[in-house]
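Accompanying notes for the structure given below.
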Amino acid sequence: MSLNRILVPVKRVIDYAVKVRVTGGKIDTNVKHSMNPFDEIAVEQAVRMREGKQVKEVIAMTVGPTKSLETLRTALAMGADRAIHVETPEGTEILPLQVAKLIRAVAEKEKPEVVILGKQAIDDDSSQTGQMLAGLLGWSQATFANKIAVAGDKLTVDREVDGGLETISTKLPTIITTDLRLNEPRYATLPNIMKAKKKKVDKFTPADLKVDIKGSIETIKIEEPAKRSGGKKVASVDELIDKLKNEAKVL
Amino acid sequence: MPASPHQPPAALRAQVKDLYKQLLYMGREYPNGGIDYFKPKLKAAFLKKRTMSDPAEIEAALKQGDYIKKELEALWFLRKYRHVKQNYYDPKD
């Protein structure tokens with residue numbers, strides 16, 4: 001049996017190689033962005049299933065500002081068939097619950113049998129969207145997937161748990177979140193990025209999907225972690241003991 | 001720049017330009033300073049071979065270019081994989 005549709009929500013995040021800086025109480029976002037690495041794994045998984053004729057169509061989607069289109073293009077270049085862009089105002093952070101509600105609205109429209117997401121985004125590290133989405137839709141979920149196999153009208157998923165793997169069988173429709181070792185994502189080459197520009201991208205606003213994107217969590221303060229102060233050299237044992245007693249106060 | 005006296009066949013010329021563009025694109029992911037570091041090196045490497053006119057020789061150079069493309073892809077993947085692994089997983093496993 002082959003599935004009709006897989007939906008792959010992806011997130012545009014600050015590139016993993018960039019050092020995140022806080023200026024004036026705000027995160028400097030004027031830096032290189034790329035697709036969340038865990039979402040790349042999700043796209044790769046969906047595309048491999050399409051190539052293996054286990055699914056007919058792969059739809060990528062993202063929630064984010066205009067610039068997120070670039071991330072969708074990467075997903076399309078990797079092999080997704082079409083994309084959905086839920087456009088939100090630049091500079092507003094959308095919290096996992098609101099993202100999950102937006103994905104639910106898209107899922108109700110597109111009716112995918114499987115939604116594959118990254119287990120977490122490397123910017124806010126929430127690891128909530130997939131689980132919340134499963135809750136909202138009332139679908140089964142297989143989180144932290146290490147291996148996915150289609151078995152009739154069920155999926156067999158190996159999950160990464162503490163100290164090993166857990167194999168579960170889930171009924172469709174289902175939500176899967178990917179772990180690092182699921183696969184090795186392919187590189188979105190320049191020719192494929194160019195071809196991806198011809199693929200269809202539908203745009204929606206949260207209002208079109210009747211979702212209020214206002215979150216219930218307020219960010220009070222953003223700070224960089226405390227700087228590590230440098231070490232000191234001591235000339236003698238006496239000095240060391242003195243410093244331990246009087247400066248470090250550990251003796 | 002004036003046209004080089006050693007113009008390679010048009011088809012190969014297009015392939016060489018294509019290779020350059022693709023490598024330049026991949027250079028954005030290069031460690032050690034990204035495109036600012038990569039671009040001058042890439043340009044120098046291509047300029048060094050600009051007098052090549054023997055089609056067989058050019059084909060061989062194109063093959064080498066393809067090989068470098070694969071190397072860069074592997075570099076792109078491994079670097080990210082290691083970074084995520086270091087940051088999100090127990091170093092023991």
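Chain labels run A, B, ... following the order of the structure tokens; each chain numbers its residues from 1, and ligands are numbered from 1 in the order shown.
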
Non-local contacts of Val86 of chain A (12 Å; only C-alpha atoms; under 4 positions in same chain excluded) as a ChimeraX atom specification: /A:9-11,60-69,72,94,98-99,101-103,105-106,201-211,213

At most 12 Å to chain A: residues in chain B, only C-alpha atoms, as a PyMOL selection string: chain B and resi 18-34+69-90+92-93

Residues from last step as file, N, CA and C atoms, as a short mmCIF file (atom, residue, chain, number, x, y, z; two decimals), in the first residue's frame:
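The resulting part-v3.cif:
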```cif
data_model
loop_
_atom_site.label_atom_id
_atom_site.label_comp_id
_atom_site.auth_asym_id
_atom_site.auth_seq_id
_atom_site.Cartn_x
_atom_site.Cartn_y
_atom_site.Cartn_z
N ASP B 18 29.67 26.17 -15.39
CA ASP B 18 28.67 25.56 -14.53
C ASP B 18 29.33 25.03 -13.25
N LEU B 19 30.46 24.37 -13.44
CA LEU B 19 31.20 23.82 -12.29
C LEU B 19 31.61 24.95 -11.35
N TYR B 20 32.10 26.03 -11.95
CA TYR B 20 32.53 27.17 -11.14
C TYR B 20 31.37 27.71 -10.30
N LYS B 21 30.22 27.85 -10.96
CA LYS B 21 29.05 28.40 -10.25
C LYS B 21 28.62 27.48 -9.11
N GLN B 22 28.65 26.19 -9.39
CA GLN B 22 28.22 25.24 -8.37
C GLN B 22 29.17 25.23 -7.18
N LEU B 23 30.47 25.27 -7.49
CA LEU B 23 31.45 25.27 -6.41
C LEU B 23 31.35 26.56 -5.59
N LEU B 24 31.11 27.66 -6.30
CA LEU B 24 30.98 28.95 -5.63
C LEU B 24 29.80 28.92 -4.67
N TYR B 25 28.71 28.30 -5.12
CA TYR B 25 27.53 28.17 -4.28
C TYR B 25 27.82 27.33 -3.04
N MET B 26 28.54 26.24 -3.26
CA MET B 26 28.85 25.36 -2.13
C MET B 26 29.82 26.01 -1.16
N GLY B 27 30.62 26.92 -1.67
CA GLY B 27 31.63 27.60 -0.84
C GLY B 27 31.02 28.38 0.31
N ARG B 28 29.73 28.70 0.17
CA ARG B 28 29.09 29.46 1.26
C ARG B 28 29.05 28.67 2.56
N GLU B 29 29.10 27.35 2.42
CA GLU B 29 29.05 26.50 3.62
C GLU B 29 30.45 26.16 4.12
N TYR B 30 31.47 26.69 3.45
CA TYR B 30 32.83 26.26 3.78
C TYR B 30 33.22 26.74 5.18
N PRO B 31 33.83 25.85 5.97
CA PRO B 31 34.30 26.29 7.29
C PRO B 31 35.46 27.26 7.12
N ASN B 32 35.99 27.76 8.19
CA ASN B 32 37.18 28.58 8.08
C ASN B 32 36.91 29.89 7.34
N GLY B 33 35.75 30.50 7.57
CA GLY B 33 35.51 31.82 6.99
C GLY B 33 34.56 31.83 5.82
N GLY B 34 34.03 30.66 5.43
CA GLY B 34 33.01 30.61 4.40
C GLY B 34 33.48 31.14 3.07
N LYS B 69 33.42 18.47 -5.58
CA LYS B 69 32.03 18.72 -5.20
C LYS B 69 31.56 17.68 -4.17
N LYS B 70 31.91 16.43 -4.44
CA LYS B 70 31.51 15.36 -3.51
C LYS B 70 32.18 15.54 -2.15
N GLU B 71 33.45 15.95 -2.19
CA GLU B 71 34.19 16.18 -0.95
C GLU B 71 33.53 17.29 -0.13
N LEU B 72 33.14 18.35 -0.83
CA LEU B 72 32.51 19.48 -0.13
C LEU B 72 31.17 19.07 0.47
N GLU B 73 30.43 18.23 -0.26
CA GLU B 73 29.16 17.75 0.26
C GLU B 73 29.37 16.93 1.54
N ALA B 74 30.39 16.07 1.50
CA ALA B 74 30.70 15.25 2.67
C ALA B 74 31.11 16.13 3.85
N LEU B 75 31.88 17.15 3.54
CA LEU B 75 32.33 18.10 4.57
C LEU B 75 31.13 18.82 5.19
N TRP B 76 30.22 19.24 4.30
CA TRP B 76 29.00 19.93 4.74
C TRP B 76 28.21 19.05 5.69
N PHE B 77 28.05 17.79 5.32
CA PHE B 77 27.25 16.90 6.15
C PHE B 77 27.93 16.58 7.48
N LEU B 78 29.21 16.21 7.40
CA LEU B 78 29.91 15.78 8.61
C LEU B 78 30.03 16.88 9.64
N ARG B 79 30.30 18.08 9.15
CA ARG B 79 30.49 19.20 10.06
C ARG B 79 29.21 19.45 10.85
N LYS B 80 28.09 19.43 10.13
CA LYS B 80 26.82 19.66 10.80
C LYS B 80 26.48 18.51 11.74
N TYR B 81 26.69 17.29 11.26
CA TYR B 81 26.38 16.10 12.06
C TYR B 81 27.15 16.14 13.38
N ARG B 82 28.45 16.42 13.27
CA ARG B 82 29.28 16.44 14.48
C ARG B 82 28.85 17.53 15.44
N HIS B 83 28.53 18.69 14.87
CA HIS B 83 28.11 19.82 15.72
C HIS B 83 26.86 19.45 16.50
N VAL B 84 25.86 18.92 15.80
CA VAL B 84 24.60 18.57 16.46
C VAL B 84 24.84 17.46 17.48
N LYS B 85 25.67 16.49 17.10
CA LYS B 85 25.93 15.37 18.00
C LYS B 85 26.61 15.84 19.28
N GLN B 86 27.59 16.72 19.10
CA GLN B 86 28.30 17.23 20.27
C GLN B 86 27.38 18.01 21.21
N ASN B 87 26.46 18.76 20.59
CA ASN B 87 25.62 19.63 21.40
C ASN B 87 24.40 18.96 21.99
N TYR B 88 23.96 17.87 21.37
CA TYR B 88 22.69 17.31 21.81
C TYR B 88 22.77 15.88 22.35
N TYR B 89 23.93 15.27 22.23
CA TYR B 89 23.98 13.87 22.64
C TYR B 89 25.11 13.64 23.64
N ASP B 90 24.91 12.62 24.42
CA ASP B 90 25.89 12.22 25.41
C ASP B 90 27.18 11.80 24.71
N LYS B 92 29.31 9.84 25.44
CA LYS B 92 29.68 8.43 25.63
C LYS B 92 29.13 7.52 24.52
N ASP B 93 27.96 7.91 23.93
CA ASP B 93 27.44 6.98 22.91
C ASP B 93 27.71 7.39 21.48
#
```

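Closest approach to Gly164 of chain A from the set A:Asn146, A:Asn246, A:Thr178, A:Gln45 is made by A:Asn146, with distances taken over only C-alpha atoms.
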